[in-house]
$ cat protein17.txt   # compact mmCIF, C-alpha atoms and all ligand atoms
# COMPACT_ATOMS: atom_id res chain seq x y z
CA MET A 203 110.47 88.67 180.94
CA ARG A 204 108.98 87.02 183.95
CA VAL A 205 111.54 85.13 186.01
CA ILE A 206 110.28 82.34 188.27
CA ILE A 207 112.81 80.84 190.66
CA THR A 208 111.91 77.40 191.99
CA GLU A 209 113.47 75.41 194.81
CA ASN A 210 114.53 72.50 192.64
CA TYR A 211 114.25 70.67 189.31
CA GLU A 212 111.01 68.95 190.25
CA GLU A 213 109.23 72.18 191.08
CA MET A 214 110.59 73.78 187.87
CA SER A 215 109.21 70.86 185.86
CA LYS A 216 105.81 70.98 187.55
CA ARG A 217 105.46 74.73 187.00
CA ALA A 218 106.21 74.29 183.30
CA ALA A 219 103.88 71.30 182.90
CA LYS A 220 101.07 73.22 184.62
CA ILE A 221 101.38 76.12 182.16
CA ILE A 222 101.39 73.71 179.21
CA ALA A 223 98.38 71.80 180.58
CA GLU A 224 96.45 75.05 181.11
CA GLN A 225 97.20 76.04 177.52
CA ILE A 226 95.88 72.69 176.22
CA LYS A 227 92.73 72.89 178.38
CA ARG A 228 92.06 76.45 177.19
CA LYS A 229 92.65 75.51 173.55
CA PRO A 230 92.55 71.74 172.88
CA ASN A 231 94.06 72.18 169.39
CA SER A 232 97.00 74.22 170.68
CA VAL A 233 100.18 74.32 168.64
CA LEU A 234 103.11 73.52 170.94
CA GLY A 235 106.78 74.10 170.19
CA LEU A 236 108.80 71.39 171.92
CA ALA A 237 112.42 70.94 172.96
CA THR A 238 114.74 68.03 173.60
CA GLY A 239 117.64 67.65 176.07
CA SER A 240 117.83 66.71 179.75
CA THR A 241 116.07 69.85 180.95
CA PRO A 242 112.48 69.20 179.73
CA LEU A 243 112.44 65.51 180.74
CA GLY A 244 110.76 66.23 184.09
CA THR A 245 108.17 68.41 182.37
CA TYR A 246 107.36 65.61 179.93
CA LYS A 247 107.10 63.11 182.81
CA GLU A 248 104.62 65.37 184.55
CA LEU A 249 102.58 65.82 181.34
CA ILE A 250 102.47 62.02 180.94
CA ARG A 251 101.26 61.72 184.54
CA MET A 252 98.57 64.35 183.91
CA HIS A 253 97.48 62.46 180.79
CA ARG A 254 97.24 59.14 182.67
CA GLU A 255 95.81 60.32 185.95
CA GLU A 256 93.88 63.44 185.05
CA GLY A 257 92.89 62.73 181.45
CA LEU A 258 94.89 65.61 179.91
CA ASP A 259 93.91 65.24 176.27
CA PHE A 260 96.50 65.63 173.51
CA SER A 261 94.32 64.27 170.71
CA LYS A 262 94.01 67.63 168.94
CA VAL A 263 97.39 69.08 169.94
CA VAL A 264 99.84 69.89 167.14
CA THR A 265 103.59 69.97 167.84
CA PHE A 266 106.68 71.37 166.15
CA ASN A 267 110.11 70.47 167.50
CA LEU A 268 112.91 72.98 167.55
CA ASP A 269 115.69 71.01 165.94
CA GLU A 270 117.24 67.76 164.75
CA TYR A 271 120.76 66.53 164.12
CA TYR A 272 121.59 66.55 160.44
CA GLY A 273 122.43 63.11 159.10
CA LEU A 274 120.57 61.09 161.75
CA ALA A 275 117.58 58.98 160.70
CA PRO A 276 114.42 59.23 162.84
CA THR A 277 115.10 55.69 164.03
CA HIS A 278 118.60 56.57 165.33
CA PRO A 279 118.51 56.33 169.16
CA GLN A 280 120.26 59.72 169.49
CA SER A 281 117.98 61.49 167.04
CA TYR A 282 115.62 64.05 168.51
CA HIS A 283 112.82 62.29 166.68
CA TYR A 284 113.53 59.12 168.64
CA PHE A 285 113.90 61.13 171.87
CA MET A 286 110.46 62.73 171.52
CA PHE A 287 108.63 59.45 170.91
CA GLU A 288 110.55 57.69 173.68
CA ASN A 289 110.09 60.42 176.29
CA LEU A 290 106.68 61.87 175.45
CA PHE A 291 104.70 60.95 172.35
CA ASN A 292 104.57 57.16 172.96
CA HIS A 293 102.98 57.81 176.35
CA ILE A 294 100.22 60.29 175.47
CA ASN A 295 97.31 60.27 173.02
CA ILE A 296 98.86 62.56 170.42
CA ASN A 297 98.03 61.90 166.77
CA PRO A 298 101.41 61.13 165.11
CA ARG A 299 100.17 63.04 162.06
CA ASN A 300 100.17 66.21 164.20
CA VAL A 301 103.84 65.79 165.15
CA HIS A 302 106.48 67.78 163.25
CA ILE A 303 110.20 67.32 163.77
CA PRO A 304 112.86 68.55 161.34
CA ASP A 305 114.01 65.77 159.01
CA GLY A 306 117.66 64.95 159.68
CA LEU A 307 117.84 63.24 156.29
CA ALA A 308 116.36 66.07 154.21
CA LYS A 309 118.07 66.12 150.82
CA ASP A 310 117.04 69.59 149.70
CA ILE A 311 117.74 71.44 152.96
CA LYS A 312 116.65 74.86 151.76
CA ALA A 313 113.29 73.56 150.51
CA PHE A 314 112.83 71.55 153.69
CA CYS A 315 113.45 74.58 155.93
CA GLU A 316 111.11 76.80 153.93
CA ASN A 317 108.43 74.13 154.09
CA TYR A 318 108.86 73.74 157.88
CA GLU A 319 108.22 77.47 158.30
CA GLU A 320 105.21 77.18 155.98
CA GLU A 321 103.80 74.28 158.01
CA ILE A 322 104.07 76.32 161.22
CA ARG A 323 102.23 79.17 159.50
CA ARG A 324 99.55 76.86 158.13
CA ALA A 325 98.99 75.43 161.62
CA GLY A 326 98.25 78.99 162.78
CA GLY A 327 101.59 79.69 164.44
CA ILE A 328 102.99 78.35 167.71
CA ASP A 329 100.86 79.09 170.78
CA LEU A 330 103.40 78.01 173.37
CA GLN A 331 107.09 77.33 172.82
CA LEU A 332 109.14 75.36 175.36
CA LEU A 333 112.90 76.02 175.39
CA GLY A 334 116.03 74.81 177.13
CA ILE A 335 119.26 76.77 177.01
CA GLY A 336 122.83 75.74 176.21
CA ARG A 337 125.77 76.70 178.41
CA ASP A 338 126.77 79.04 175.57
CA GLY A 339 123.36 80.73 175.73
CA HIS A 340 121.89 79.05 172.68
CA ILE A 341 118.17 78.41 172.19
CA ALA A 342 117.38 75.51 169.87
CA PHE A 343 120.69 75.17 167.99
CA ASN A 344 121.13 78.91 167.46
CA GLU A 345 124.75 79.04 168.49
CA PRO A 346 126.57 82.30 169.37
CA GLY A 347 126.64 84.52 166.30
CA SER A 348 123.41 83.19 164.81
CA PRO A 349 121.06 85.90 163.53
CA LEU A 350 118.55 87.05 166.13
CA MET A 351 115.89 87.28 163.41
CA GLY A 352 116.87 84.04 161.65
CA ARG A 353 114.49 81.44 160.27
CA THR A 354 114.71 77.63 160.14
CA THR A 355 118.08 76.69 158.69
CA ILE A 356 121.05 74.32 158.85
CA ILE A 357 123.72 75.29 161.37
CA ALA A 358 127.11 74.04 162.60
CA LEU A 359 127.24 73.02 166.27
CA ALA A 360 129.63 75.01 168.47
CA GLU A 361 132.57 73.18 170.06
CA GLU A 362 131.02 73.58 173.55
CA THR A 363 127.72 72.05 172.40
CA ILE A 364 129.49 69.08 170.78
CA LYS A 365 131.27 68.46 174.10
CA ASP A 366 128.05 68.85 176.13
CA ASN A 367 126.10 66.52 173.88
CA ALA A 368 128.85 63.88 173.66
CA ARG A 369 127.43 62.32 176.85
CA PHE A 370 124.60 60.84 174.78
CA PHE A 371 126.93 59.28 172.18
CA LYS A 372 129.65 56.63 172.42
CA SER A 373 132.29 59.29 171.76
CA GLU A 374 132.63 62.98 170.92
CA ALA A 375 133.56 62.03 167.35
CA GLU A 376 130.08 60.56 166.85
CA VAL A 377 128.21 63.78 167.63
CA PRO A 378 126.85 65.17 164.35
CA ARG A 379 128.48 68.50 163.43
CA LEU A 380 125.40 69.93 161.74
CA ALA A 381 121.76 70.34 162.69
CA ILE A 382 118.52 71.76 161.31
CA THR A 383 117.07 74.30 163.70
CA MET A 384 114.26 76.80 163.96
CA GLY A 385 115.74 80.29 163.91
CA CYS A 386 115.43 82.86 166.69
CA GLY A 387 112.97 84.72 164.45
CA THR A 388 110.80 81.59 164.21
CA ILE A 389 110.92 81.15 167.99
CA MET A 390 110.11 84.81 168.66
CA GLU A 391 106.83 84.49 166.74
CA ALA A 392 105.46 82.04 169.32
CA ARG A 393 102.69 83.71 171.32
CA LYS A 394 104.11 82.54 174.61
CA ILE A 395 107.55 81.17 175.49
CA ILE A 396 108.79 79.19 178.50
CA LEU A 397 112.54 78.79 178.93
CA LEU A 398 113.72 76.25 181.49
CA ALA A 399 117.14 75.91 183.08
CA ASN A 400 118.45 74.00 186.05
CA GLY A 401 121.82 73.44 187.65
CA GLU A 402 124.87 75.55 188.29
CA GLY A 403 126.22 74.89 184.80
CA LYS A 404 123.50 77.14 183.36
CA ALA A 405 123.94 80.04 185.84
CA ASP A 406 126.17 82.17 183.59
CA ALA A 407 123.93 81.65 180.54
CA ILE A 408 120.83 82.58 182.57
CA ALA A 409 122.43 85.72 184.01
CA ALA A 410 123.49 86.81 180.52
CA THR A 411 120.05 86.02 179.07
CA VAL A 412 118.06 87.88 181.69
CA GLU A 413 120.34 90.72 182.77
CA GLY A 414 122.92 91.07 180.01
CA PRO A 415 122.70 93.02 176.75
CA ILE A 416 120.72 91.62 173.82
CA THR A 417 123.38 90.06 171.66
CA SER A 418 123.74 87.34 169.06
CA GLN A 419 126.58 86.03 171.24
CA ILE A 420 123.88 84.84 173.69
CA THR A 421 120.97 84.06 171.40
CA ALA A 422 118.57 83.48 174.32
CA SER A 423 118.94 87.19 175.16
CA ILE A 424 116.56 88.01 172.29
CA LEU A 425 113.78 86.77 174.60
CA GLN A 426 114.09 90.13 176.39
CA MET A 427 112.19 91.49 173.37
CA HIS A 428 109.33 88.99 173.69
CA PRO A 429 106.15 90.29 175.35
CA ASN A 430 105.25 86.96 176.91
CA ALA A 431 108.38 85.04 177.90
CA ILE A 432 108.67 83.17 181.19
CA ILE A 433 112.03 81.98 182.47
CA ILE A 434 111.65 79.17 185.01
CA VAL A 435 114.90 78.29 186.77
CA ASP A 436 115.93 76.39 189.86
CA GLU A 437 118.00 78.02 192.62
CA ALA A 438 121.29 76.78 191.15
CA ALA A 439 120.64 78.20 187.68
CA ALA A 440 119.42 81.47 189.28
CA MET A 441 122.60 81.77 191.35
CA LYS A 442 124.17 84.57 189.30
CA LEU A 443 121.08 86.74 188.85
CA ARG A 444 121.60 90.08 190.56
CA ARG A 445 117.94 91.00 190.90
CA LYS A 446 116.61 87.72 192.32
CA ASP A 447 114.78 89.46 195.18
CA TYR A 448 112.96 91.70 192.74
CA TYR A 449 111.83 88.74 190.59
CA ARG A 450 110.51 87.01 193.71
CA HIS A 451 108.70 90.19 194.74
CA VAL A 452 107.08 90.54 191.30
CA ASN A 453 105.90 86.93 191.37
CA ARG A 454 104.46 87.26 194.86
CA LEU A 455 102.41 90.26 193.80
CA LEU A 456 101.26 88.69 190.52
CA GLU A 457 100.38 85.41 192.21
CA GLU A 458 98.27 87.28 194.77
CA GLN A 459 96.25 88.50 191.78
CA GLY A 460 96.00 84.95 190.43
CA LEU A 461 98.32 85.78 187.55
P1 LIG A 501 120.15 70.23 178.12
O1 LIG A 501 120.38 70.99 176.75
O2 LIG A 501 118.70 70.37 178.45
O3 LIG A 501 120.51 68.80 177.84
O4 LIG A 501 121.03 70.88 179.13
C1 LIG A 501 119.84 72.26 176.58
C2 LIG A 501 120.26 72.87 175.25
O5 LIG A 501 121.38 72.63 174.80
O6 LIG A 501 119.46 73.61 174.67
$ encode --input "protein17.txt" --output "structure tokens" --more "lines below"
Ligand code: PGA
Amino acid sequence: MRVIITENYEEMSKRAAKIIAEQIKRKPNSVLGLATGSTPLGTYKELIRMHREEGLDFSKVVTFNLDEYYGLAPTHPQSYHYFMFENLFNHININPRNVHIPDGLAKDIKAFCENYEEEIRRAGGIDLQLLGIGRDGHIAFNEPGSPLMGRTTIIALAEETIKDNARFFKSEAEVPRLAITMGCGTIMEARKIILLANGEGKADAIAATVEGPITSQITASILQMHPNAIIIVDEAAAMKLRRKDYYRHVNRLLEEQGL
């Protein structure tokens, strides 16, 4: 794992957007895995700016989103489908046919999940996966106890996640209790992974992910097994890391080599 500690949210977002932009320039038909939530908003803003001001071209890019609330239609303002169009896709030149987001209204869930995996495979696999992290250490909606080798499936949201996500709904009661999510096994097959976290509220989850044991109780900890995972965190989210100085030292040396 490479750990990059940035001064603030803005710098975290710019670092992530730069890596994504480099990926797209290197391979215009890149397959991106995308995330929702407050964390990646700054990254998406920066990508939109790069598209408008620097001509970053998304016309051949293919995307797969991590998850979607079960029971919400794509037109529902709290659906992740709606979120992605509102915060990214409507502002860049992506072909809507290249966008994949789990269907919150899927009737045959098992068939839907198998097909989602098949579509990722047919697209050639995910080149770069962007992730946020929950306070309980989840990636996508893989809540504590989810299998570390799991595939796309339906899951039940943990109590903590329902509380955290209630801020987007009128009340906690309105937060869907189920979601369709890529599994940790699906995520781990991405060739490169960037996990973002900012704010003090994520400090425990980040410390457990980076320096704790690999455990299904903190599903993000499986990223320790990934050969190409980058954790980009602001100072507040890095607060509880014991080996901060070492991570800074590593980055200084790598950056000197242009890596
Ligand atoms: P957040 O959510 O970006 O809104 O904090 C992250 C997550 O739950 O994965």
$ axis_aligned_box --input "protein17.txt" --around "ligand LIG 501 (chain A)" --padding-each-side "5 Å" --output "AutoDock Vina command-line options"
--center_x 120.0 --center_y 71.2 --center_z 176.9 --size_x 12.7 --size_y 14.8 --size_z 14.5
$ atom_distance --input "protein17.txt" --atom1 "CA of Glu209 (chain A)" --atom2 "CA of Asn400 (chain A)"
10.2 Å
$ closest_atom_pairs --input "protein17.txt" --of "chain A" --to "ligand LIG 501 (chain A)" --cutoff "10 Å" --atoms "only C-alpha atoms and all ligand atoms" --output "JSON lines"
{"residue": "A:Ala237", "atom": "CA", "partner": "A:LIG501", "partner_atom": "O6", "distance": 7.7}
{"residue": "A:Thr238", "atom": "CA", "partner": "A:LIG501", "partner_atom": "O2", "distance": 6.7}
{"residue": "A:Gly239", "atom": "CA", "partner": "A:LIG501", "partner_atom": "O3", "distance": 3.6}
{"residue": "A:Ser240", "atom": "CA", "partner": "A:LIG501", "partner_atom": "O3", "distance": 3.9}
{"residue": "A:Thr241", "atom": "CA", "partner": "A:LIG501", "partner_atom": "O2", "distance": 3.7}
{"residue": "A:Pro242", "atom": "CA", "partner": "A:LIG501", "partner_atom": "O2", "distance": 6.5}
{"residue": "A:Leu243", "atom": "CA", "partner": "A:LIG501", "partner_atom": "O2", "distance": 8.2}
{"residue": "A:Leu268", "atom": "CA", "partner": "A:LIG501", "partner_atom": "O6", "distance": 9.7}
{"residue": "A:Asp269", "atom": "CA", "partner": "A:LIG501", "partner_atom": "O6", "distance": 9.9}
{"residue": "A:Leu333", "atom": "CA", "partner": "A:LIG501", "partner_atom": "O6", "distance": 7.0}
{"residue": "A:Gly334", "atom": "CA", "partner": "A:LIG501", "partner_atom": "O6", "distance": 4.4}
{"residue": "A:Ile335", "atom": "CA", "partner": "A:LIG501", "partner_atom": "O6", "distance": 3.9}
{"residue": "A:Gly336", "atom": "CA", "partner": "A:LIG501", "partner_atom": "O5", "distance": 3.7}
{"residue": "A:Arg337", "atom": "CA", "partner": "A:LIG501", "partner_atom": "O5", "distance": 7.0}
{"residue": "A:Asp338", "atom": "CA", "partner": "A:LIG501", "partner_atom": "O5", "distance": 8.4}
{"residue": "A:Gly339", "atom": "CA", "partner": "A:LIG501", "partner_atom": "O6", "distance": 8.2}
{"residue": "A:His340", "atom": "CA", "partner": "A:LIG501", "partner_atom": "O6", "distance": 6.3}
{"residue": "A:Ile341", "atom": "CA", "partner": "A:LIG501", "partner_atom": "O6", "distance": 5.6}
{"residue": "A:Ala342", "atom": "CA", "partner": "A:LIG501", "partner_atom": "O6", "distance": 5.6}
{"residue": "A:Phe343", "atom": "CA", "partner": "A:LIG501", "partner_atom": "O6", "distance": 7.0}
{"residue": "A:Asn344", "atom": "CA", "partner": "A:LIG501", "partner_atom": "O6", "distance": 9.1}
{"residue": "A:Glu345", "atom": "CA", "partner": "A:LIG501", "partner_atom": "O5", "distance": 9.6}
{"residue": "A:Glu362", "atom": "CA", "partner": "A:LIG501", "partner_atom": "O5", "distance": 9.8}
{"residue": "A:Thr363", "atom": "CA", "partner": "A:LIG501", "partner_atom": "O5", "distance": 6.8}
{"residue": "A:Ile364", "atom": "CA", "partner": "A:LIG501", "partner_atom": "O5", "distance": 9.7}
{"residue": "A:Asp366", "atom": "CA", "partner": "A:LIG501", "partner_atom": "O3", "distance": 7.7}
{"residue": "A:Asn367", "atom": "CA", "partner": "A:LIG501", "partner_atom": "O3", "distance": 7.2}
{"residue": "A:Arg369", "atom": "CA", "partner": "A:LIG501", "partner_atom": "O3", "distance": 9.5}
{"residue": "A:Phe370", "atom": "CA", "partner": "A:LIG501", "partner_atom": "O3", "distance": 9.5}
{"residue": "A:Leu397", "atom": "CA", "partner": "A:LIG501", "partner_atom": "O6", "distance": 9.6}
{"residue": "A:Leu398", "atom": "CA", "partner": "A:LIG501", "partner_atom": "O2", "distance": 8.3}
{"residue": "A:Ala399", "atom": "CA", "partner": "A:LIG501", "partner_atom": "O2", "distance": 7.4}
{"residue": "A:Asn400", "atom": "CA", "partner": "A:LIG501", "partner_atom": "O4", "distance": 8.0}
{"residue": "A:Gly401", "atom": "CA", "partner": "A:LIG501", "partner_atom": "O4", "distance": 8.9}
{"residue": "A:Gly403", "atom": "CA", "partner": "A:LIG501", "partner_atom": "O4", "distance": 8.7}
{"residue": "A:Lys404", "atom": "CA", "partner": "A:LIG501", "partner_atom": "O4", "distance": 7.9}
{"residue": "A:Ala422", "atom": "CA", "partner": "A:LIG501", "partner_atom": "O6", "distance": 9.9}
$ residues_around --input "protein17.txt" --residues "Leu425 (chain A)" --least-positions-apart "5" --cutoff "9 Å" --atoms "all atoms listed in the file" --output "JSON, numbers by chain"
{"A": [203, 386, 390, 395, 411, 412, 416, 430, 431]}
$ closest_residue --input "protein17.txt" --among "A:Tyr272, A:Leu443, A:Thr388, A:Gln331" --to "Ala358 (chain A)" --atoms "all atoms listed in the file"
A:Tyr272
$ closest_residue --input "protein17.txt" --among "A:Met286, A:Val205, A:Ile356, A:Ile221" --to "Tyr449 (chain A)" --atoms "only C-alpha atoms"
A:Val205
$ closest_residue --input "protein17.txt" --among "A:Ala219, A:Val452, A:Ala392, A:Ala360" --to "Arg323 (chain A)" --atoms "all atoms listed in the file"
A:Ala392
$ closest_atom_pairs --input "protein17.txt" --of "region 362-407 of chain A" --to "region 294-311 of chain A" --cutoff "10 Å" --atoms "only C-alpha atoms" --output "tab-separated table"
residue	atom	partner	partner_atom	distance
A:Leu380	CA	A:Gly306	CA	9.4
A:Ala381	CA	A:Gly306	CA	7.4
A:Ile382	CA	A:Pro304	CA	6.5
A:Thr383	CA	A:Pro304	CA	7.5
A:Met384	CA	A:Pro304	CA	8.8
$ closest_residue --input "protein17.txt" --among "A:Gly414, A:Gly327, A:Pro429, A:Pro378" --to "Gly235 (chain A)" --atoms "all atoms listed in the file"
A:Gly327
